[in-house]
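This is model-v1.txt (compact mmCIF, C-alpha atoms and all ligand atoms).
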# COMPACT_ATOMS: atom_id res chain seq x y z
CA MET A 1 157.91 136.22 92.77
CA ARG A 2 156.15 139.30 94.09
CA GLU A 3 155.03 140.21 90.58
CA LYS A 4 153.71 136.71 90.05
CA ILE A 5 151.65 136.99 93.21
CA GLU A 6 150.25 140.39 92.18
CA THR A 7 149.24 139.06 88.77
CA LEU A 8 147.55 136.10 90.38
CA PHE A 9 145.58 138.39 92.71
CA THR A 10 144.08 140.22 89.73
CA GLU A 11 143.48 137.01 87.85
CA ILE A 12 141.60 135.47 90.75
CA GLU A 13 139.48 138.56 91.30
CA ARG A 14 138.29 138.40 87.71
CA LEU A 15 137.45 134.72 87.66
CA THR A 16 133.99 133.76 86.38
CA ALA A 17 132.35 130.42 85.69
CA ASN A 18 129.30 129.28 83.75
CA SER A 19 128.65 126.05 85.54
CA LEU A 20 129.53 124.22 88.69
CA GLU A 21 131.89 122.10 86.59
CA GLU A 22 133.79 125.23 85.65
CA VAL A 23 133.99 126.21 89.31
CA GLU A 24 135.51 122.83 90.00
CA ALA A 25 137.99 123.27 87.12
CA ILE A 26 139.04 126.59 88.67
CA ARG A 27 139.55 124.93 92.01
CA ILE A 28 141.79 122.32 90.41
CA LYS A 29 143.76 124.92 88.49
CA TYR A 30 144.49 127.14 91.48
CA LEU A 31 143.97 125.27 94.70
CA SER A 32 144.62 121.56 94.17
CA LYS A 33 147.83 119.83 95.31
CA LYS A 34 149.48 120.44 91.96
CA GLY A 35 147.70 123.70 91.35
CA ILE A 36 149.31 127.11 90.72
CA ILE A 37 149.31 128.15 94.37
CA ALA A 38 150.87 124.90 95.59
CA THR A 39 153.59 125.22 92.95
CA LEU A 40 154.22 128.74 94.16
CA MET A 41 154.60 127.39 97.70
CA ASP A 42 157.39 125.13 96.39
CA GLU A 43 159.19 128.15 94.94
CA PHE A 44 158.88 129.80 98.34
CA ARG A 45 161.89 127.71 99.44
CA HIS A 46 164.13 129.82 97.24
CA VAL A 47 163.01 133.13 98.70
CA PRO A 48 165.90 134.75 100.65
CA ALA A 49 165.46 134.43 104.42
CA ASP A 50 165.04 138.18 105.03
CA ARG A 51 162.08 138.36 102.64
CA LYS A 52 160.39 135.12 103.67
CA ARG A 53 158.08 136.81 106.15
CA GLU A 54 156.74 139.43 103.72
CA VAL A 55 156.33 136.98 100.80
CA GLY A 56 154.84 134.31 103.09
CA MET A 57 152.13 136.73 104.23
CA LYS A 58 151.33 137.66 100.64
CA MET A 59 151.04 134.02 99.68
CA ASN A 60 148.70 133.24 102.52
CA ALA A 61 146.56 136.21 101.52
CA LEU A 62 146.55 134.92 97.94
CA LYS A 63 145.43 131.48 99.01
CA GLN A 64 142.73 133.02 101.14
CA ALA A 65 141.53 135.22 98.25
CA ALA A 66 141.36 132.24 95.91
CA THR A 67 139.39 130.19 98.43
CA GLU A 68 136.95 133.03 99.01
CA ARG A 69 136.49 133.74 95.31
CA LEU A 70 135.75 130.10 94.69
CA GLN A 71 133.20 130.06 97.45
CA GLN A 72 131.54 133.18 95.98
CA LEU A 73 131.32 131.59 92.56
CA LYS A 74 129.73 128.52 94.06
CA GLU A 75 127.18 130.50 96.04
CA GLN A 76 126.18 132.81 93.20
CA PHE A 77 125.59 129.64 91.33
CA ALA A 78 123.20 128.21 93.81
CA GLN A 79 121.24 131.47 93.78
CA ASN A 80 121.14 132.58 90.15
CA GLY A 81 122.18 129.61 88.15
CA THR A 82 125.07 131.68 86.80
CA ALA A 83 128.16 133.26 88.22
CA GLN A 84 127.89 136.40 86.10
CA ALA A 85 127.47 139.35 88.37
CA GLY A 86 124.37 141.51 87.91
CA ASN A 87 121.55 141.03 85.46
CA ASP A 88 123.11 139.74 82.30
CA LEU A 89 120.09 139.59 80.04
CA SER A 90 122.06 138.06 77.21
CA ARG A 91 122.93 134.91 79.08
CA THR A 92 121.21 131.72 78.01
CA ALA A 93 118.45 130.40 80.24
CA TYR A 94 119.83 128.06 82.83
CA PRO A 95 117.75 124.94 83.56
CA VAL A 96 115.74 125.50 86.72
CA ALA A 97 114.67 122.66 88.97
CA LEU A 98 111.08 121.83 87.98
CA GLY A 99 108.62 120.11 90.29
CA THR A 100 107.60 116.53 89.70
CA ARG A 101 104.13 115.16 89.08
CA HIS A 102 102.19 113.47 91.84
CA PRO A 103 102.05 109.67 91.40
CA LEU A 104 98.25 109.85 91.17
CA SER A 105 98.48 112.41 88.36
CA ILE A 106 100.93 110.20 86.51
CA VAL A 107 98.63 107.18 86.66
CA ARG A 108 95.50 109.24 85.87
CA GLU A 109 97.08 110.81 82.79
CA GLU A 110 98.39 107.48 81.62
CA ILE A 111 94.93 105.90 81.78
CA CYS A 112 93.22 108.91 80.20
CA ASP A 113 95.71 108.70 77.32
CA ILE A 114 94.96 105.03 76.77
CA PHE A 115 91.20 105.65 76.69
CA LYS A 116 91.49 108.74 74.51
CA ARG A 117 93.16 106.55 71.92
CA LEU A 118 90.20 104.16 72.21
CA GLY A 119 87.81 107.00 71.42
CA PHE A 120 86.61 107.88 74.93
CA THR A 121 85.63 111.42 75.93
CA ILE A 122 87.22 112.59 79.18
CA ALA A 123 84.70 114.29 81.45
CA GLU A 124 84.72 115.58 84.99
CA GLY A 125 82.05 116.17 87.57
CA PRO A 126 81.81 118.39 90.64
CA GLU A 127 82.96 117.20 94.07
CA VAL A 128 79.88 118.58 95.82
CA GLU A 129 76.87 116.70 94.53
CA ASP A 130 73.29 115.96 95.48
CA ASP A 131 71.56 112.78 96.54
CA TRP A 132 70.06 112.28 93.09
CA HIS A 133 73.42 112.03 91.33
CA VAL A 134 75.28 110.08 93.99
CA PHE A 135 72.50 107.64 94.89
CA SER A 136 68.97 107.82 93.47
CA SER A 137 69.86 108.05 89.77
CA LEU A 138 72.07 105.00 90.34
CA ASN A 139 69.23 102.84 91.56
CA PHE A 140 70.18 102.92 95.26
CA ALA A 141 67.19 102.02 97.42
CA ASP A 142 66.04 104.71 99.86
CA ASP A 143 67.29 102.68 102.79
CA HIS A 144 70.62 101.68 101.26
CA PRO A 145 73.36 101.75 103.95
CA ALA A 146 75.70 103.86 101.78
CA ARG A 147 73.34 106.80 102.31
CA ASP A 148 74.17 106.61 105.98
CA MET A 149 75.93 109.57 107.61
CA GLN A 150 78.59 107.12 108.72
CA ASP A 151 79.77 106.59 105.18
CA THR A 152 78.96 109.87 103.55
CA PHE A 153 79.93 113.46 104.37
CA TYR A 154 76.76 115.55 104.23
CA LEU A 155 76.88 119.35 104.07
CA GLU A 156 74.55 121.56 106.08
CA ASN A 157 72.61 122.53 102.96
CA GLY A 158 71.73 118.88 102.27
CA GLN A 159 74.29 118.37 99.54
CA LEU A 160 77.06 115.83 99.96
CA LEU A 161 80.63 115.13 98.93
CA LYS A 162 80.60 112.55 96.19
CA THR A 163 81.45 109.09 97.47
CA HIS A 164 82.17 107.62 94.04
CA THR A 165 82.73 108.74 90.46
CA SER A 166 79.63 106.82 89.37
CA ALA A 167 77.88 110.03 90.45
CA ALA A 168 78.67 111.47 87.01
CA GLN A 169 76.90 108.71 85.05
CA ASN A 170 73.50 110.37 84.93
CA THR A 171 74.91 113.77 83.95
CA ILE A 172 76.91 112.25 81.11
CA MET A 173 73.99 110.20 79.77
CA ARG A 174 71.81 113.32 79.76
CA LYS A 175 74.51 115.50 78.26
CA TYR A 176 75.35 113.22 75.31
CA GLY A 177 72.09 111.33 74.91
CA PRO A 178 71.66 107.97 73.15
CA PRO A 179 74.38 107.32 70.56
CA LYS A 180 73.66 107.48 66.81
CA PRO A 181 73.26 104.12 65.01
CA GLY A 182 76.62 102.42 64.67
CA HIS A 183 78.15 104.62 67.36
CA ALA A 184 78.66 104.28 71.09
CA LEU A 185 78.73 106.73 73.94
CA LYS A 186 82.19 106.29 75.48
CA ALA A 187 83.20 108.40 78.44
CA LEU A 188 85.80 108.35 81.17
CA PHE A 189 85.61 110.46 84.29
CA PRO A 190 88.35 110.66 86.90
CA GLY A 191 87.58 112.35 90.19
CA ARG A 192 88.26 112.85 93.86
CA CYS A 193 85.91 111.00 96.20
CA PHE A 194 85.23 111.29 99.90
CA ARG A 195 84.06 108.80 102.51
CA ASN A 196 83.78 109.03 106.23
CA GLU A 197 86.54 106.51 106.97
CA ASN A 198 89.01 106.24 109.80
CA ILE A 199 92.40 106.73 108.24
CA ASP A 200 95.07 104.05 108.41
CA ALA A 201 97.66 102.52 106.07
CA SER A 202 94.97 101.22 103.73
CA HIS A 203 92.01 103.59 104.30
CA GLU A 204 91.68 107.25 103.38
CA ASN A 205 88.72 109.62 103.59
CA THR A 206 89.86 111.31 100.37
CA PHE A 207 90.87 109.20 97.39
CA PHE A 208 90.65 109.06 93.62
CA GLN A 209 88.56 106.90 91.34
CA LEU A 210 88.18 106.72 87.62
CA GLU A 211 84.85 105.75 86.12
CA GLY A 212 84.35 104.49 82.61
CA MET A 213 81.19 103.90 80.66
CA MET A 214 80.27 102.66 77.19
CA ILE A 215 76.71 102.59 75.85
CA GLY A 216 75.52 101.42 72.45
CA GLU A 217 73.18 99.11 70.62
CA ASN A 218 75.08 95.87 71.04
CA ILE A 219 77.42 96.34 73.96
CA SER A 220 78.08 93.14 75.87
CA ILE A 221 80.30 91.71 78.56
CA SER A 222 82.86 90.80 75.86
CA ASN A 223 83.32 94.50 75.13
CA LEU A 224 83.84 95.13 78.83
CA ILE A 225 86.48 92.40 79.11
CA TYR A 226 88.25 93.60 75.97
CA PHE A 227 88.60 97.18 77.21
CA MET A 228 89.71 96.08 80.65
CA LYS A 229 92.40 93.85 79.20
CA VAL A 230 93.75 96.59 76.95
CA LEU A 231 93.81 99.00 79.87
CA LEU A 232 95.55 96.69 82.32
CA THR A 233 98.06 95.35 79.82
CA GLU A 234 99.16 98.92 79.08
CA VAL A 235 99.25 100.04 82.69
CA PHE A 236 101.25 97.09 83.93
CA GLU A 237 103.30 96.88 80.71
CA ARG A 238 102.72 93.15 80.36
CA GLU A 239 100.05 90.69 79.28
CA VAL A 240 97.57 90.32 82.17
CA LYS A 241 94.92 87.68 82.65
CA VAL A 242 91.56 88.78 84.03
CA ARG A 243 88.68 86.92 85.61
CA LEU A 244 85.21 88.03 86.64
CA ARG A 245 83.47 87.12 89.87
CA PRO A 246 79.91 88.11 90.69
CA GLY A 247 79.67 91.37 92.62
CA PHE A 248 76.69 93.40 93.74
CA PHE A 249 76.16 97.12 93.03
CA PRO A 250 72.68 98.59 92.63
CA PHE A 251 73.56 100.31 89.35
CA VAL A 252 74.75 97.25 87.41
CA GLU A 253 73.15 93.96 86.47
CA PRO A 254 74.99 91.68 86.32
CA GLY A 255 77.74 93.18 88.47
CA PHE A 256 81.29 91.86 88.76
CA GLU A 257 84.51 92.09 90.63
CA LEU A 258 87.32 91.95 88.11
CA ASP A 259 90.54 90.28 89.24
CA ILE A 260 93.89 90.22 87.48
CA ASN A 261 96.56 87.59 87.88
CA CYS A 262 98.97 88.85 90.53
CA VAL A 263 101.45 91.34 89.07
CA ILE A 264 104.01 90.49 91.75
CA CYS A 265 104.22 86.69 91.39
CA GLY A 266 102.53 86.26 87.98
CA GLY A 267 99.91 83.93 89.46
CA GLU A 268 102.17 81.53 91.34
CA GLY A 269 100.97 82.69 94.74
CA CYS A 270 102.72 85.15 97.07
CA PRO A 271 101.94 87.23 100.20
CA THR A 272 100.60 90.17 98.10
CA CYS A 273 97.86 88.02 96.54
CA LYS A 274 97.44 86.02 99.75
CA HIS A 275 98.66 82.95 97.82
CA SER A 276 95.60 82.94 95.54
CA GLY A 277 97.43 84.13 92.41
CA TRP A 278 94.74 86.80 91.87
CA LEU A 279 94.33 90.44 92.86
CA GLU A 280 90.97 92.13 93.15
CA LEU A 281 91.25 95.17 90.94
CA LEU A 282 88.02 96.79 89.89
CA PRO A 283 84.28 96.46 90.14
CA CYS A 284 82.26 96.66 86.95
CA GLY A 285 79.13 95.42 85.26
CA MET A 286 76.38 95.93 82.70
CA ILE A 287 74.53 99.17 83.39
CA HIS A 288 71.18 98.51 85.10
CA PRO A 289 68.14 99.23 82.87
CA ASN A 290 66.75 101.58 85.54
CA VAL A 291 69.95 103.63 85.43
CA LEU A 292 69.74 103.93 81.63
CA SER A 293 66.07 104.98 81.84
CA MET A 294 66.82 107.62 84.46
CA GLY A 295 69.58 108.89 82.15
CA GLY A 296 67.07 109.26 79.31
CA ILE A 297 68.37 106.25 77.37
CA ASP A 298 65.98 103.50 76.27
CA PRO A 299 67.08 100.23 77.94
CA GLU A 300 65.08 98.23 75.38
CA LYS A 301 67.32 99.53 72.64
CA TYR A 302 70.65 100.18 74.33
CA THR A 303 72.98 98.34 76.67
CA GLY A 304 76.23 99.42 78.23
CA PHE A 305 78.97 98.62 80.67
CA ALA A 306 80.52 100.67 83.45
CA PHE A 307 83.56 100.23 85.65
CA GLY A 308 84.94 102.05 88.64
CA LEU A 309 88.68 101.90 88.98
CA GLY A 310 90.29 102.79 92.30
CA LEU A 311 93.02 105.09 91.00
CA THR A 312 94.65 105.39 94.40
CA ARG A 313 94.74 101.62 94.78
CA LEU A 314 96.08 101.17 91.28
CA ALA A 315 98.89 103.66 91.96
CA MET A 316 99.74 101.72 95.12
CA MET A 317 100.01 98.53 93.09
CA LYS A 318 101.95 100.09 90.28
CA TYR A 319 104.53 101.73 92.55
CA ASN A 320 104.41 99.20 95.36
CA ILE A 321 103.35 101.90 97.84
CA ARG A 322 102.38 100.28 101.14
CA ASP A 323 100.80 103.22 102.94
CA ILE A 324 97.86 105.09 101.37
CA ARG A 325 98.55 108.13 103.58
CA LEU A 326 101.53 109.02 101.41
CA PHE A 327 99.27 110.42 98.68
CA ASN A 328 97.77 113.24 100.71
CA SER A 329 100.81 113.73 102.94
CA GLY A 330 102.54 116.47 100.95
CA ASN A 331 105.77 114.66 101.78
CA LEU A 332 107.79 115.99 98.85
CA LYS A 333 110.87 113.95 99.62
CA GLN A 334 108.91 110.78 99.01
CA LEU A 335 106.45 112.04 96.39
CA LYS A 336 109.28 113.32 94.19
CA GLN A 337 110.67 109.88 93.47
CA PHE A 338 107.89 108.96 91.01
CA THR A 339 108.65 110.09 87.52
CA ARG A 340 106.67 107.84 85.21
N1 LIG B 401 80.97 103.17 92.42
C1 LIG B 401 81.42 101.92 93.00
C2 LIG B 401 82.13 102.19 94.32
O1 LIG B 401 82.74 103.20 94.48
C3 LIG B 401 82.35 101.20 92.10
C4 LIG B 401 81.70 100.66 90.86
C5 LIG B 401 81.19 99.40 90.85
C6 LIG B 401 81.63 101.41 89.71
C7 LIG B 401 80.61 98.85 89.73
C8 LIG B 401 81.03 100.89 88.56
C9 LIG B 401 80.55 99.58 88.58
O2 LIG B 401 80.95 101.57 87.42
O3 LIG B 401 80.02 99.08 87.47
O4 LIG B 401 82.11 101.36 95.19
Can you present the structure in this file as structure tokens?
Amino acid sequence: MREKIETLFTEIERLTANSLEEVEAIRIKYLSKKGIIATLMDEFRHVPADRKREVGMKMNALKQAATERLQQLKEQFAQNGTAQAGNDLSRTAYPVALGTRHPLSIVREEICDIFKRLGFTIAEGPEVEDDWHVFSSLNFADDHPARDMQDTFYLENGQLLKTHTSAAQNTIMRKYGPPKPGHALKALFPGRCFRNENIDASHENTFFQLEGMMIGENISISNLIYFMKVLLTEVFEREVKVRLRPGFFPFVEPGFELDINCVICGGEGCPTCKHSGWLELLPCGMIHPNVLSMGGIDPEKYTGFAFGLGLTRLAMMKYNIRDIRLFNSGNLKQLKQFTR
């Protein structure tokens, strides 16, 4: 019996494991109810009375050693991903816990992928802009209320934080110029926008939009509707119906609010769509001739459409997120649950 115990001591000291499952297997082998040590305890009955004390102490020590060794294996695991002591450079890489993507990044990448397949160029603009790009080049009148300090964050040097991704339209038109015959200028530009809002469950001062634009010789509202349907059908993974209502924005004429049939109830009417069967999703329209001219594109020859998708809002719809503050919260516990 004493020899058995000695052998077990050495055995336990040398135990290694390559995974937490192996640690568990070791626990079962040595320390479970029918494990080696429990069996040994049974044999303890046959130990002569005068040796019981000495053997009993050894057995307790053995049990203790096994428990401690197991704990060590577990802990080394949590730290290194392997129970091998030291730096074993030959061991295979153990999978490390990677971070997850932010729900806004997931939705942005998904939409960029869809538009890349449709031949759109992905562009990006700066977050600090000037009045020309954010307002004047988009046909905003000098006294338009959006220029007000109450809506827009102005910097001391007179620049401002962009309030919408439309701010990149002029830059893109100038960069690419009018399209060649038979071609169209197709661009998509996601970006972070800022507005001087009081924050609550549905308002943020920092949010994401995604602007799209297509300019060519015969671009019409049908093209706009087609691209919007493709986009929304892919994002919501089902056939969606869209409808256009008139909307006013200085940089489009005509301008629309595009609605989709409610993704929650399918159009039957529910609290999310306020029983109308429709959800307001994105504003869009045919680019105003003045905006084309200011971008160096002849409005007599070319037409185009533009749309401004609220990425943050779309992510809320897609994931049924009720509070917009989640996005900028850095609350990893909640943000980690979005994987696709
Ligand atoms: N820039 C507008 C906003 O943030 C949204 C918008 C409306 C963009 C109509 C467009 C458009 O491209 O055609 O409120």
- request: Kindly compile the residues surrounding ligand LIG 401 (chain B) within 8 Å, counting only C-alpha atoms and all ligand atoms, and format them as a VMD selection string.
  value: chain A and resid 163 to 167 209 211 to 213 248 to 249 251 to 252 255 to 257 282 to 287 305 to 310
task: For each of A:Ala61, A:Ile324, A:Val263, A:Ile199, take the minimum atom-to-atom distance to Phe236 in chain A, counting all atoms listed in the file, then give the residue where this is smallest.
output: A:Val263
message: Show me, as a list in words, the residues that have an atom within 10 Å of Ile264 in chain A when counting all atoms listed in the file, minus same-chain residues fewer than 6 positions from it.
response: Cys270, Pro271, Thr272, Cys273, Gly277, Trp278, Leu279, Met317, Lys318 and Asn320 of chain A
Determine, using only C-alpha atoms, which residues of range 89-204 of chain A have any atom at most 9 Å from an atom of range 326-334 of chain A, and tabulate each with its shortest atom pair and distance in Å to one decimal place, rows ordered by chain and then rising number, as a Markdown table.
| residue | atom | partner | partner_atom | distance |
| --- | --- | --- | --- | --- |
| A:His102 | CA | A:Phe327 | CA | 8.0 |
| A:Pro103 | CA | A:Phe327 | CA | 7.8 |
| A:Leu104 | CA | A:Phe327 | CA | 7.6 |
| A:Ala201 | CA | A:Leu326 | CA | 8.9 |
| A:Glu204 | CA | A:Asn328 | CA | 8.9 |
Separation of CA of Phe9 in chain A from CA of Ile37 in chain A, in Å and rounded to one decimal: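 That distance, rounded to one decimal, is 11.0 Å.
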message: As an exercise, work out the distance from CA of Glu124 in chain A to CA of Met173 in chain A in Å and give it to one decimal place.
response: 13.1 Å
message: Env of Ala66 in chain A: 9 Å cut, atoms = all atoms listed in the file, seq-sep filter 2 positions within chain, self excluded. Answer as a list in words.
response: Phe9, Ile12, Glu13, Arg27, Tyr30, Leu31, Ala61, Leu62, Lys63, Gln64, Glu68, Arg69, Leu70 and Gln71 of chain A
field: Minimum-distance residue to Arg238 in chain A, chosen among A:Cys262, A:Val128, A:Val55, A:Met214 (using only C-alpha atoms)
entry: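 Looking at the shortest contact to Arg238 in chain A, the residue is A:Cys262.
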- request: Find the distance between CA of Asn18 in chain A and CA of Lys4 in chain A and write it in Å to one decimal.
  value: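 Value for the CA of Asn18 in chain A-CA of Lys4 in chain A distance: 26.3 Å.
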